[in-house]
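With compact mmCIF, C-alpha atoms and all ligand atoms inside, this is structure_17.txt:
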```
# COMPACT_ATOMS: atom_id res chain seq x y z
CA MET A 1 -21.24 15.29 -1.32
CA SER A 2 -21.06 18.13 1.15
CA GLU A 3 -17.92 18.06 3.21
CA ALA A 4 -17.73 19.93 6.43
CA ILE A 5 -14.50 20.17 8.34
CA LEU A 6 -15.97 19.64 11.75
CA ASP A 7 -15.30 20.46 15.34
CA ILE A 8 -12.22 22.57 15.19
CA PRO A 9 -11.19 24.63 12.26
CA LEU A 10 -7.39 24.86 12.18
CA ASP A 11 -5.90 28.21 13.00
CA SER A 12 -4.73 28.76 9.51
CA THR A 13 -7.28 28.02 6.82
CA LYS A 14 -4.36 27.46 4.48
CA THR A 15 -3.34 24.29 6.32
CA ALA A 16 -6.91 23.06 6.68
CA ILE A 17 -6.58 20.61 3.85
CA ASN A 18 -5.60 17.03 4.36
CA PRO A 19 -1.91 16.71 3.39
CA VAL A 20 -2.61 13.67 1.21
CA GLU A 21 -5.23 15.35 -0.97
CA PRO A 22 -2.84 16.67 -3.63
CA TYR A 23 -1.68 13.08 -4.25
CA LEU A 24 -5.17 11.67 -4.74
CA ARG A 25 -7.97 12.18 -7.21
CA MET A 26 -10.31 13.66 -4.65
CA ASP A 27 -13.10 14.01 -7.21
CA ARG A 28 -13.32 10.20 -7.12
CA MET A 29 -13.87 10.00 -3.36
CA PRO A 30 -15.43 8.34 -1.50
CA HIS A 31 -13.57 5.31 -2.77
CA ILE A 32 -15.17 1.87 -3.19
CA TRP A 33 -13.33 0.15 -0.34
CA CYS A 34 -15.35 -1.26 2.57
CA PRO A 35 -15.34 0.23 6.08
CA GLY A 36 -12.23 -1.07 7.83
CA CYS A 37 -10.52 -2.17 4.60
CA GLY A 38 -6.79 -1.55 4.86
CA ILE A 39 -6.13 -0.65 1.23
CA GLY A 40 -6.89 3.04 1.91
CA THR A 41 -4.38 3.09 4.76
CA THR A 42 -1.66 1.79 2.44
CA VAL A 43 -2.57 4.49 -0.09
CA ASN A 44 -2.38 7.06 2.68
CA CYS A 45 1.16 5.87 3.45
CA PHE A 46 2.02 5.92 -0.25
CA ALA A 47 0.81 9.51 -0.62
CA ARG A 48 3.01 10.52 2.30
CA ALA A 49 5.96 8.65 0.78
CA LEU A 50 5.45 10.50 -2.50
CA GLU A 51 5.43 13.76 -0.60
CA SER A 52 8.59 13.09 1.39
CA SER A 53 10.40 11.57 -1.61
CA GLY A 54 10.60 14.97 -3.26
CA LEU A 55 10.19 13.28 -6.66
CA ASN A 56 8.76 15.20 -9.60
CA LEU A 57 5.33 13.60 -9.80
CA ASP A 58 5.26 14.05 -13.57
CA LYS A 59 7.96 11.38 -13.63
CA VAL A 60 6.14 8.83 -11.49
CA ALA A 61 3.65 6.39 -12.98
CA ILE A 62 1.48 3.86 -11.19
CA VAL A 63 0.30 0.58 -12.68
CA SER A 64 -2.30 -1.77 -11.20
CA GLY A 65 -3.87 -5.03 -12.21
CA ILE A 66 -7.43 -6.03 -11.33
CA GLY A 67 -8.94 -6.44 -7.88
CA CYS A 68 -9.90 -4.27 -4.93
CA THR A 69 -6.23 -3.25 -4.73
CA GLY A 70 -6.20 -2.75 -8.48
CA ARG A 71 -8.37 0.31 -7.94
CA VAL A 72 -5.43 2.17 -6.43
CA ALA A 73 -4.13 3.31 -9.82
CA GLY A 74 -7.43 5.09 -10.40
CA TYR A 75 -7.26 7.00 -7.13
CA ALA A 76 -3.63 8.13 -7.24
CA ASN A 77 -3.13 11.56 -8.76
CA LEU A 78 -0.34 10.30 -11.03
CA ASP A 79 -0.17 9.02 -14.56
CA SER A 80 -2.06 5.77 -13.99
CA PHE A 81 -2.45 2.54 -15.83
CA HIS A 82 -5.26 0.18 -14.74
CA THR A 83 -4.31 -2.90 -16.70
CA THR A 84 -5.70 -6.40 -17.17
CA HIS A 85 -5.67 -9.01 -14.42
CA GLY A 86 -2.16 -10.22 -13.63
CA ARG A 87 -0.46 -8.07 -16.24
CA ALA A 88 0.53 -5.01 -14.25
CA ILE A 89 4.21 -6.03 -14.32
CA PRO A 90 4.43 -6.53 -18.11
CA PHE A 91 2.71 -3.17 -18.70
CA ALA A 92 5.04 -1.55 -16.19
CA THR A 93 8.04 -3.17 -17.88
CA GLY A 94 7.01 -1.72 -21.23
CA LEU A 95 6.51 1.68 -19.68
CA LYS A 96 9.91 1.61 -18.02
CA LEU A 97 11.81 0.39 -21.09
CA SER A 98 10.23 2.93 -23.39
CA ASN A 99 10.69 5.81 -20.97
CA PRO A 100 13.49 4.94 -18.53
CA GLU A 101 13.36 8.25 -16.72
CA LEU A 102 9.96 7.33 -15.26
CA GLN A 103 9.78 5.87 -11.77
CA VAL A 104 7.27 3.07 -12.30
CA VAL A 105 5.30 1.72 -9.34
CA VAL A 106 3.20 -1.43 -9.55
CA TYR A 107 0.45 -1.48 -6.93
CA SER A 108 -1.66 -4.64 -6.86
CA GLY A 109 -3.10 -7.53 -4.90
CA ASP A 110 -1.71 -10.89 -3.85
CA GLY A 111 -3.91 -12.78 -6.29
CA ASP A 112 -3.11 -10.50 -9.20
CA LEU A 113 0.65 -10.52 -8.63
CA PHE A 114 1.22 -14.11 -7.54
CA ALA A 115 -1.41 -16.28 -9.22
CA ILE A 116 -2.22 -15.19 -12.77
CA GLY A 117 0.70 -12.73 -12.64
CA GLY A 118 3.16 -14.95 -10.79
CA ASN A 119 5.34 -15.72 -13.78
CA HIS A 120 5.72 -12.04 -14.61
CA PHE A 121 6.74 -11.35 -11.03
CA ILE A 122 9.55 -13.89 -10.88
CA HIS A 123 10.99 -12.91 -14.24
CA ALA A 124 10.91 -9.18 -13.54
CA ALA A 125 12.73 -9.90 -10.28
CA ARG A 126 15.22 -12.19 -12.06
CA ARG A 127 15.99 -9.45 -14.57
CA ASN A 128 16.14 -6.85 -11.82
CA MET A 129 13.72 -4.71 -13.79
CA ASP A 130 13.79 -1.23 -12.28
CA ILE A 131 10.19 -1.17 -11.03
CA LYS A 132 8.79 -0.92 -7.50
CA VAL A 133 6.16 -3.50 -6.63
CA ILE A 134 3.79 -2.88 -3.73
CA CYS A 135 1.58 -5.85 -2.95
CA VAL A 136 -1.43 -5.38 -0.70
CA ASN A 137 -1.76 -8.87 0.73
CA ASN A 138 -5.22 -9.47 2.15
CA LEU A 139 -4.60 -13.21 1.81
CA THR A 140 -7.45 -13.74 -0.64
CA TYR A 141 -9.02 -12.89 -3.98
CA ALA A 142 -11.20 -10.24 -2.40
CA MET A 143 -12.94 -8.59 -5.31
CA THR A 144 -14.32 -11.83 -6.69
CA GLY A 145 -15.72 -13.09 -3.39
CA GLY A 146 -12.92 -14.34 -1.16
CA GLN A 147 -11.61 -17.42 -2.93
CA THR A 148 -8.42 -19.28 -1.99
CA GLY A 149 -5.38 -17.71 -3.62
CA PRO A 150 -1.68 -18.48 -3.61
CA ALA A 151 -1.14 -16.42 -0.44
CA THR A 152 -4.05 -17.82 1.57
CA PRO A 153 -2.59 -19.61 4.62
CA THR A 154 -3.52 -23.20 5.39
CA GLU A 155 -6.57 -23.83 7.61
CA VAL A 156 -8.25 -20.62 6.49
CA ILE A 157 -11.89 -20.94 5.45
CA SER A 158 -12.54 -19.35 2.06
CA ALA A 159 -15.27 -19.34 -0.57
CA THR A 160 -13.54 -22.23 -2.32
CA SER A 161 -12.17 -23.97 0.78
CA PRO A 162 -15.20 -24.45 3.02
CA TYR A 163 -13.34 -27.01 5.16
CA GLY A 164 -10.14 -25.00 5.30
CA VAL A 165 -7.24 -24.55 2.90
CA PHE A 166 -5.08 -27.68 2.75
CA GLU A 167 -2.58 -26.63 0.09
CA PRO A 168 0.62 -24.80 1.06
CA SER A 169 0.82 -21.07 0.31
CA PHE A 170 3.62 -18.93 -1.08
CA ASN A 171 5.88 -17.04 1.28
CA LEU A 172 5.97 -13.88 -0.83
CA VAL A 173 9.10 -12.33 0.64
CA GLN A 174 11.07 -15.56 0.22
CA LEU A 175 9.84 -15.89 -3.35
CA ALA A 176 10.89 -12.31 -4.13
CA GLU A 177 14.34 -12.79 -2.64
CA ALA A 178 14.94 -16.11 -4.38
CA ALA A 179 13.89 -14.66 -7.73
CA GLY A 180 16.43 -11.85 -7.39
CA ALA A 181 14.73 -8.73 -5.99
CA SER A 182 17.05 -5.92 -4.91
CA TYR A 183 14.86 -4.88 -2.01
CA VAL A 184 12.35 -6.91 -0.01
CA ALA A 185 10.31 -5.70 2.96
CA ARG A 186 7.10 -6.63 4.71
CA TRP A 187 4.86 -4.45 6.88
CA THR A 188 1.25 -4.47 7.94
CA THR A 189 -1.27 -1.61 7.86
CA TYR A 190 -0.60 -1.21 11.58
CA HIS A 191 3.00 -0.12 10.76
CA VAL A 192 2.09 3.10 8.99
CA LYS A 193 5.32 4.98 9.67
CA GLN A 194 7.61 2.11 8.76
CA LEU A 195 5.58 1.34 5.66
CA SER A 196 5.69 4.94 4.52
CA ARG A 197 9.45 5.03 5.08
CA SER A 198 9.95 1.80 3.10
CA MET A 199 7.88 3.19 0.25
CA GLU A 200 9.98 6.34 0.23
CA GLU A 201 13.13 4.25 0.31
CA VAL A 202 12.20 2.21 -2.76
CA LEU A 203 11.28 5.37 -4.65
CA HIS A 204 14.98 6.19 -4.43
CA LYS A 205 16.34 2.69 -4.96
CA LYS A 206 17.38 1.23 -8.29
CA GLY A 207 16.27 -2.22 -9.37
CA PHE A 208 13.37 -4.52 -8.62
CA CYS A 209 11.93 -3.64 -5.21
CA PHE A 210 9.16 -5.46 -3.41
CA ILE A 211 7.07 -4.41 -0.43
CA GLU A 212 4.40 -6.73 0.93
CA VAL A 213 1.75 -5.08 3.09
CA LEU A 214 -0.61 -7.25 5.10
CA SER A 215 -3.99 -5.56 5.04
CA PRO A 216 -7.41 -6.29 6.55
CA CYS A 217 -10.26 -7.54 4.40
CA PRO A 218 -13.07 -7.71 6.94
CA THR A 219 -15.72 -8.36 4.31
CA LEU A 220 -14.44 -11.41 2.49
CA TYR A 221 -11.52 -12.84 4.43
CA GLN A 222 -12.17 -12.19 8.09
CA ARG A 223 -15.91 -12.72 8.19
CA ARG A 224 -15.69 -16.38 7.19
CA ASN A 225 -12.92 -16.93 9.71
CA LYS A 226 -14.60 -15.14 12.61
CA MET A 227 -11.73 -12.69 12.75
CA GLY A 228 -13.84 -9.62 13.46
CA ASP A 229 -13.67 -6.30 11.68
CA GLY A 230 -10.90 -4.13 10.29
CA LEU A 231 -9.97 -2.76 13.68
CA ASP A 232 -9.70 -6.29 15.10
CA ALA A 233 -7.25 -7.13 12.32
CA MET A 234 -5.21 -4.02 13.16
CA LYS A 235 -5.07 -5.00 16.83
CA PHE A 236 -4.10 -8.52 15.82
CA TYR A 237 -1.23 -7.17 13.68
CA LYS A 238 -0.06 -5.06 16.59
CA GLU A 239 -0.14 -8.04 18.91
CA VAL A 240 1.57 -10.68 16.76
CA SER A 241 4.03 -8.69 14.62
CA LYS A 242 7.74 -8.88 15.36
CA VAL A 243 10.15 -6.48 13.70
CA ARG A 244 13.18 -8.46 12.53
CA HIS A 245 15.20 -6.51 10.00
CA GLY A 246 17.42 -8.77 7.96
CA ALA A 247 15.61 -11.93 9.07
CA PRO A 248 16.14 -14.87 6.68
CA THR A 249 13.03 -14.78 4.50
CA SER A 250 12.72 -18.56 4.80
CA GLU A 251 11.73 -17.95 8.43
CA CYS A 252 9.01 -15.44 7.54
CA ALA A 253 6.20 -17.65 6.27
CA LEU A 254 2.73 -16.56 7.32
CA THR A 255 0.24 -18.77 9.09
CA ARG A 256 -3.43 -18.30 9.88
CA ALA A 257 -2.96 -16.83 13.36
CA GLY A 258 0.74 -17.04 14.16
CA GLU A 259 3.54 -14.51 14.41
CA ILE A 260 4.01 -12.01 11.56
CA VAL A 261 7.65 -11.19 10.94
CA VAL A 262 7.96 -7.66 9.54
CA GLY A 263 10.90 -5.53 8.54
CA LYS A 264 13.34 -5.01 5.73
CA PHE A 265 14.80 -8.36 4.76
CA VAL A 266 16.83 -7.65 1.62
CA ASP A 267 18.61 -4.50 0.41
CA ARG A 268 21.29 -5.28 -2.17
CA ASP A 269 22.64 -3.78 -5.36
CA ARG A 270 23.02 -5.55 -8.65
CA PRO A 271 22.90 -4.23 -12.21
CA ASP A 272 19.41 -3.76 -13.50
CA TYR A 273 18.04 -4.93 -16.84
CA LEU A 274 18.50 -1.65 -18.71
CA GLU A 275 22.04 -1.26 -17.43
CA LEU A 276 22.97 -4.75 -18.66
CA LEU A 277 21.25 -4.19 -21.99
CA ASN A 278 22.96 -0.85 -22.57
CA ARG A 279 26.32 -2.25 -21.49
CA GLN A 280 26.16 -5.10 -23.96
CA MET A 281 24.84 -3.02 -26.82
CA THR A 282 27.49 -0.36 -26.33
CA ALA A 283 30.26 -2.98 -26.12
CA THR A 284 29.01 -4.75 -29.23
CA LEU A 285 27.81 -1.94 -31.46
CA GLY A 286 29.79 1.05 -30.20
CA ASP A 287 28.69 4.26 -31.91
CA ARG A 288 26.01 2.45 -33.85
CA TYR A 289 24.05 1.96 -30.60
CA ALA A 290 22.14 4.98 -29.44
CA THR A 291 19.70 4.92 -26.56
CA PRO A 292 16.39 5.95 -28.04
CA GLU A 293 15.33 9.52 -27.45
CA VAL A 294 12.17 9.88 -25.45
CA THR A 295 9.83 12.50 -26.73
CA CYS A 296 6.60 11.50 -25.08
CA SER A 297 7.29 12.61 -21.52
CA GLU A 298 6.99 16.37 -21.86
CA GLY A 299 3.84 18.34 -22.27
CA MET B 1 -2.79 24.86 25.48
CA ALA B 2 -2.91 21.93 23.09
CA LYS B 3 0.09 21.57 20.77
CA GLY B 4 -2.06 20.67 17.81
CA GLN B 5 -5.49 20.17 16.39
CA VAL B 6 -7.33 17.58 14.43
CA ALA B 7 -9.72 18.14 11.52
CA ILE B 8 -12.41 15.62 10.65
CA THR B 9 -14.31 15.41 7.38
CA VAL B 10 -17.35 13.70 8.81
CA GLU B 11 -19.03 12.87 5.51
CA ARG B 12 -16.02 10.97 4.23
CA CYS B 13 -15.68 8.75 7.33
CA LYS B 14 -16.70 5.07 7.36
CA GLY B 15 -16.46 4.65 11.12
CA CYS B 16 -13.68 2.06 11.19
CA GLY B 17 -12.27 3.37 14.48
CA PHE B 18 -8.59 3.18 13.47
CA CYS B 19 -8.00 6.84 14.40
CA VAL B 20 -9.67 6.43 17.78
CA GLU B 21 -7.72 3.27 18.65
CA PHE B 22 -4.27 4.45 17.59
CA CYS B 23 -4.27 8.08 18.72
CA PRO B 24 -1.42 7.97 21.25
CA THR B 25 -3.09 10.41 23.65
CA HIS B 26 -6.73 9.28 23.31
CA VAL B 27 -8.04 12.53 21.90
CA LEU B 28 -10.86 10.90 19.94
CA ALA B 29 -13.95 8.75 20.44
CA LEU B 30 -16.53 7.51 17.97
CA SER B 31 -19.57 9.75 18.14
CA SER B 32 -23.04 8.35 18.72
CA ALA B 33 -24.24 10.60 15.88
CA PHE B 34 -24.48 9.32 12.31
CA ASN B 35 -23.18 10.89 9.15
CA SER B 36 -25.41 10.83 6.08
CA LYS B 37 -24.12 7.36 5.06
CA GLY B 38 -24.99 5.94 8.47
CA TYR B 39 -21.50 5.70 9.92
CA HIS B 40 -20.39 6.96 13.33
CA PRO B 41 -17.54 9.42 12.76
CA PRO B 42 -15.02 10.28 15.46
CA HIS B 43 -15.27 13.42 17.50
CA VAL B 44 -12.85 15.13 19.83
CA VAL B 45 -13.19 14.29 23.51
CA SER B 46 -9.84 15.52 24.87
CA GLY B 47 -8.74 18.23 22.49
CA GLU B 48 -6.20 19.62 24.93
CA LYS B 49 -4.20 16.39 24.63
CA CYS B 50 -3.75 16.61 20.86
CA SER B 51 -0.11 16.92 19.82
CA GLY B 52 -0.94 17.33 16.15
CA CYS B 53 1.15 14.22 15.41
CA ASP B 54 -1.15 13.26 12.49
CA LEU B 55 -0.98 9.57 13.33
CA CYS B 56 -4.77 9.49 13.03
CA GLY B 57 -4.32 10.96 9.56
CA MET B 58 -1.87 8.24 8.54
CA TYR B 59 -4.14 5.44 9.71
CA CYS B 60 -7.36 6.71 8.16
CA PRO B 61 -8.24 4.54 5.13
CA ASP B 62 -10.76 7.14 3.97
CA PHE B 63 -8.65 10.32 4.16
CA ALA B 64 -11.27 11.74 6.53
CA ILE B 65 -9.07 13.00 9.35
CA PHE B 66 -5.72 14.66 9.92
CA GLY B 67 -3.85 16.43 12.65
CA ALA B 68 -1.63 19.48 12.46
CA ARG B 69 0.68 21.18 14.91
CA HIS B 70 0.08 24.77 15.89
CA ALA B 71 2.63 27.16 14.51
CA ARG B 72 4.83 28.35 17.33
C1 LIG C 301 -8.27 -12.78 -16.80
C2 LIG C 301 -9.11 -12.61 -15.59
N1 LIG C 301 -9.32 -13.67 -14.77
C3 LIG C 301 -10.05 -13.52 -13.66
C4 LIG C 301 -10.59 -12.30 -13.34
C5 LIG C 301 -11.43 -12.17 -12.10
N2 LIG C 301 -10.76 -11.46 -11.03
C6 LIG C 301 -10.97 -10.14 -10.81
S1 LIG C 301 -10.17 -9.56 -9.47
C7 LIG C 301 -9.54 -11.11 -9.15
C8 LIG C 301 -8.68 -11.38 -7.95
C9 LIG C 301 -8.15 -10.23 -7.25
O1 LIG C 301 -7.42 -10.66 -6.14
P1 LIG C 301 -6.23 -9.79 -5.60
O2 LIG C 301 -5.28 -9.48 -6.69
O3 LIG C 301 -5.67 -10.45 -4.40
O4 LIG C 301 -6.92 -8.40 -5.25
P2 LIG C 301 -7.88 -8.01 -4.04
O5 LIG C 301 -9.25 -7.91 -4.62
O6 LIG C 301 -7.77 -9.08 -3.01
O7 LIG C 301 -7.34 -6.70 -3.57
C10 LIG C 301 -9.95 -12.04 -10.09
C11 LIG C 301 -9.60 -13.47 -10.05
C12 LIG C 301 -10.35 -11.22 -14.22
N3 LIG C 301 -10.82 -10.00 -13.95
N4 LIG C 301 -9.62 -11.40 -15.33
S1 LIG C 302 -13.78 -6.79 -0.17
FE1 LIG C 302 -12.06 -6.76 1.26
S2 LIG C 302 -10.30 -5.97 0.10
FE2 LIG C 302 -12.19 -5.49 -1.07
S3 LIG C 302 -12.74 -3.41 -0.43
FE3 LIG C 302 -13.87 -4.82 0.89
S4 LIG C 302 -12.56 -5.13 2.70
FE4 LIG C 302 -11.29 -4.23 1.08
S1 LIG C 303 -3.07 14.43 15.65
FE1 LIG C 303 -2.15 12.82 16.96
S2 LIG C 303 -2.73 13.40 19.03
FE2 LIG C 303 -4.06 14.58 17.65
S3 LIG C 303 -5.92 13.31 17.43
FE3 LIG C 303 -4.55 12.76 15.74
S4 LIG C 303 -3.40 10.98 16.53
FE4 LIG C 303 -4.32 12.01 18.30
S1 LIG C 304 -9.91 6.32 10.67
FE1 LIG C 304 -11.01 7.63 9.21
S2 LIG C 304 -12.72 6.38 8.48
FE2 LIG C 304 -11.93 5.40 10.33
S3 LIG C 304 -13.19 6.25 11.99
FE3 LIG C 304 -11.37 7.53 11.86
S4 LIG C 304 -11.95 9.19 10.47
FE4 LIG C 304 -13.47 7.59 10.21
MG MG C 305 -6.03 -10.10 -2.39
```

What does this structure look like when you write it as structure tokens?
Amino acid sequence: MSEAILDIPLDSTKTAINPVEPYLRMDRMPHIWCPGCGIGTTVNCFARALESSGLNLDKVAIVSGIGCTGRVAGYANLDSFHTTHGRAIPFATGLKLSNPELQVVVYSGDGDLFAIGGNHFIHAARRNMDIKVICVNNLTYAMTGGQTGPATPTEVISATSPYGVFEPSFNLVQLAEAAGASYVARWTTYHVKQLSRSMEEVLHKKGFCFIEVLSPCPTLYQRRNKMGDGLDAMKFYKEVSKVRHGAPTSECALTRAGEIVVGKFVDRDRPDYLELLNRQMTATLGDRYATPEVTCSEG
Amino acid sequence: MAKGQVAITVERCKGCGFCVEFCPTHVLALSSAFNSKGYHPPHVVSGEKCSGCDLCGMYCPDFAIFGARHAR
């Protein structure tokens, strides 16, 4: 693909490269996401968070499950793990436990993380596993055709709910808090600066962290519901979102067209899984317990 | 003189319009021209108003645009 930087070359040719490019596998662009899909915007925010975090990128790994969002792992210029559907968290857990110095990020969709992967999510949160979970919530199973998932609000028309969803949906931020997450926030793809800041924050926070990002899926969610295109979704987010830091997550359930409460809801410290494990092993076994040496991270 | 400039990689754009809508100073508009994939990329209509804030760059889902401030 020929790529011309158009219109106005920047004064310095040195700066004439998009600041996110070093964080992405540019040889894989253009990506598969539809015009107006919000997943790319979340990745854009993530790339900027990686940059401002100052982390050594050799010590950051990204793990995705399956779905449109699941493709993120393949586009991030990090050690990536594109795992099986719903199993991003167990793979990430293994990665973290075998190489605790890695910062492990799970980046996946609402269906992947909360339907087939729902059990993994609650138990990783309960254990306060030191992984950072970013959920792109487009309120549907997009990749497979827009079926009803556990985050699809009632009354929404989907491929499997032609008369509208009648079953209640999960409130993801409430679920995360109740299960024990150390950090819980929600943004939309309209809130690029806040989202990027939250992502940076969790990259420096210990324990199980969860960020939900509402994101447009014009192709398979909005079309059936006459909600317009990606830009219409962005304008809708701008119009109906209310920033309420510290809001009780029980008051943050999403509906088809109602208010979207965004902000940071939970930020607390409790010992993480590895800390508790090491504490008990050291107390019980003393000198006989040695944390395993990691030899696979260099090179 | 404008405080910044914006750079557009036309061939990577999918014409979503996010950059046009959320540029705080309305520097951009979608062009009537097509790129080779058939999308209408943005072009600069009020370059002198660009602050180089890079908000367009943050919104772009296709990594096709970014702004930069002029060195002072
Ligand atoms: C074990 C298994 N079951 C079902 C599927 C089919 N499948 C692929 S992606 C997907 C849903 C993805 O939804 P979500 O995680 O919300 O991602 P999105 O595409 O919406 O970003 C399903 C059910 C699969 N790949 N593997
Ligand atoms: S189907 Fe929806 S979620 Fe998947 S790439 Fe297209 S707009 Fe994005
Ligand atoms: S850099 Fe800022 S002011 Fe310039 S076009 Fe982009 S959003 Fe508008
Ligand atoms: S945000 Fe990106 S993809 Fe969308 S119109 Fe602007 S340059 Fe094109
Ligand atoms: Mg989904």

(request) Please check which protein, DNA or RNA residues sit within 10 Å of ligand LIG 303 (chain C), counting all atoms listed in the file, and write them as a VMD selection string. (result) chain B and resid 2 to 8 18 to 29 42 to 59 65 to 69

Filtering to C-alpha atoms, could you give me those residues as a short mmCIF file (atom, residue, chain, number, x, y, z; two decimals), keeping the file's coordinate frame?
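New file part_35.cif:
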```cif
data_model
loop_
_atom_site.label_atom_id
_atom_site.label_comp_id
_atom_site.auth_asym_id
_atom_site.auth_seq_id
_atom_site.Cartn_x
_atom_site.Cartn_y
_atom_site.Cartn_z
CA ALA B 2 -2.91 21.93 23.09
CA LYS B 3 0.09 21.57 20.77
CA GLY B 4 -2.06 20.67 17.81
CA GLN B 5 -5.49 20.17 16.39
CA VAL B 6 -7.33 17.58 14.43
CA ALA B 7 -9.72 18.14 11.52
CA ILE B 8 -12.41 15.62 10.65
CA PHE B 18 -8.59 3.18 13.47
CA CYS B 19 -8.00 6.84 14.40
CA VAL B 20 -9.67 6.43 17.78
CA GLU B 21 -7.72 3.27 18.65
CA PHE B 22 -4.27 4.45 17.59
CA CYS B 23 -4.27 8.08 18.72
CA PRO B 24 -1.42 7.97 21.25
CA THR B 25 -3.09 10.41 23.65
CA HIS B 26 -6.73 9.28 23.31
CA VAL B 27 -8.04 12.53 21.90
CA LEU B 28 -10.86 10.90 19.94
CA ALA B 29 -13.95 8.75 20.44
CA PRO B 42 -15.02 10.28 15.46
CA HIS B 43 -15.27 13.42 17.50
CA VAL B 44 -12.85 15.13 19.83
CA VAL B 45 -13.19 14.29 23.51
CA SER B 46 -9.84 15.52 24.87
CA GLY B 47 -8.74 18.23 22.49
CA GLU B 48 -6.20 19.62 24.93
CA LYS B 49 -4.20 16.39 24.63
CA CYS B 50 -3.75 16.61 20.86
CA SER B 51 -0.11 16.92 19.82
CA GLY B 52 -0.94 17.33 16.15
CA CYS B 53 1.15 14.22 15.41
CA ASP B 54 -1.15 13.26 12.49
CA LEU B 55 -0.98 9.57 13.33
CA CYS B 56 -4.77 9.49 13.03
CA GLY B 57 -4.32 10.96 9.56
CA MET B 58 -1.87 8.24 8.54
CA TYR B 59 -4.14 5.44 9.71
CA ILE B 65 -9.07 13.00 9.35
CA PHE B 66 -5.72 14.66 9.92
CA GLY B 67 -3.85 16.43 12.65
CA ALA B 68 -1.63 19.48 12.46
CA ARG B 69 0.68 21.18 14.91
#
```

(request) Give the answer as one residue: which of A:Tyr23, A:Tyr273, A:Trp33, A:Phe170 has the shortest atom-to-atom distance to ligand LIG 304 (chain C), using all atoms listed in the file? (result)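 Checking each of A:Tyr23, A:Tyr273, A:Trp33, A:Phe170 against ligand LIG 304 (chain C), counting all atoms listed in the file, the winner is A:Trp33.
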
(request) Report the distance between CA of Ile211 (chain A) and CA of Leu175 (chain A) in Å, rounded to one decimal place. (result) 12.2 Å

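Taking all atoms listed in the file into account, chain A lies nearest to B:Thr9 out of the set B:Thr9, B:Ala71, B:Met1, B:Pro41.
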
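Minimum atom-to-atom distance to ligand LIG 304 (chain C), evaluated using only C-alpha atoms and all ligand atoms, belongs to B:Cys60 out of B:Arg12, B:Arg72, B:Cys60, B:Phe34.
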
(message) Which residues are near ligand MG 305 (chain C) in this structure, taking near to mean any atom at most 6 Å from a ligand atom and counting all atoms listed in the file? Format them as a list in words.
(response) Gly109, Asp110, Gly111, Asn137, Asn138, Leu139, Thr140, Tyr141 and Ala142 of chain A

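Between CA of Ile39 (chain A) and CA of Asn128 (chain A) the separation is 26.5 Å.
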
(message) Neighbours of ligand LIG 302 (chain C) at 6 Å or closer, counting only C-alpha atoms and all ligand atoms: which residues, as a list in words?
(response)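 The residues near ligand LIG 302 (chain C) are Trp33, Cys34, Cys37, Cys68, Ala142, Met143, Cys217, Pro218, Thr219 and Leu220 of chain A.
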
(request) Check the smallest atom-to-atom distance from each of A:Phe114, A:Tyr163, A:Phe46, A:Tyr107 to Lys193 (chain A) using only C-alpha atoms, then report the winner. (result) A:Phe46

(message) Please compute the CA of Ser250 (chain A)-CA of Glu177 (chain A) distance, one decimal, in Å.
(response) 9.6 Å

(message) Taking 4 positions as the minimum chain separation for residues in the same chain, which residues sit within 12 Å of Arg223 (chain A) when counting all atoms listed in the file? Answer as a ChimeraX atom specification.
(response) /A:142,145-146,156-159,216-219,227-230,232-233

What box, with edges along x, y and z, holds each listed atom of region 47-58 of chain B when 5 Å is added on every side, and can you state its centre and edge lengths in Å to one decimal, as lines of an AutoDock Vina configuration file?
```
center_x = -3.8
center_y = 13.9
center_z = 16.7
size_x = 19.9
size_y = 21.4
size_z = 26.4
```

Closest pair table for chain A residues within 9 Å of ligand LIG 304 (chain C), all atoms listed in the file, as a tab-separated table:
```
residue	atom	partner	partner_atom	distance
A:Pro35	CA	C:LIG304	S2	7.1
A:Gly36	CA	C:LIG304	FE2	6.9
A:Thr41	CA	C:LIG304	S1	8.7
```

(message) At a cut-off of 12 Å around the point (-15.2, 5.9, -3.8) (file coordinates), what residues fall inside when counting all atoms listed in the file? I'd like the answer as a list in words.
(response)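 Answer for this query, in the requested form: Met1, Leu24, Arg25, Met26, Asp27, Arg28, Met29, Pro30, His31, Ile32, Trp33, Cys34, Pro35, Gly40, Cys68, Arg71, Val72, Gly74 and Tyr75 of chain A; Arg12, Cys13, Lys14, Pro61, Asp62 and Phe63 of chain B.
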
(message) For a quick check of your reading of the model, name the residues lying within 6 Å of the coordinate (-1.5, -5.1, -0.1), counting only C-alpha atoms, and write them as a list in words.
(response)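 Checking each residue against the 6 Å limit leaves Gly109, Cys135, Val136, Asn137, Val213, Leu214 and Ser215 of chain A.
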
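Closest to ligand LIG 301 (chain C) among A:Asn56, A:Gln147, A:Thr282, A:Thr249 is A:Gln147, based on all atoms listed in the file.
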
(message) So, with all atoms listed in the file as the atoms that count, which of A:Val133, A:Ile62, A:Val262, A:Met234 lies closest to Asp112 (chain A)?
(response) A:Val133
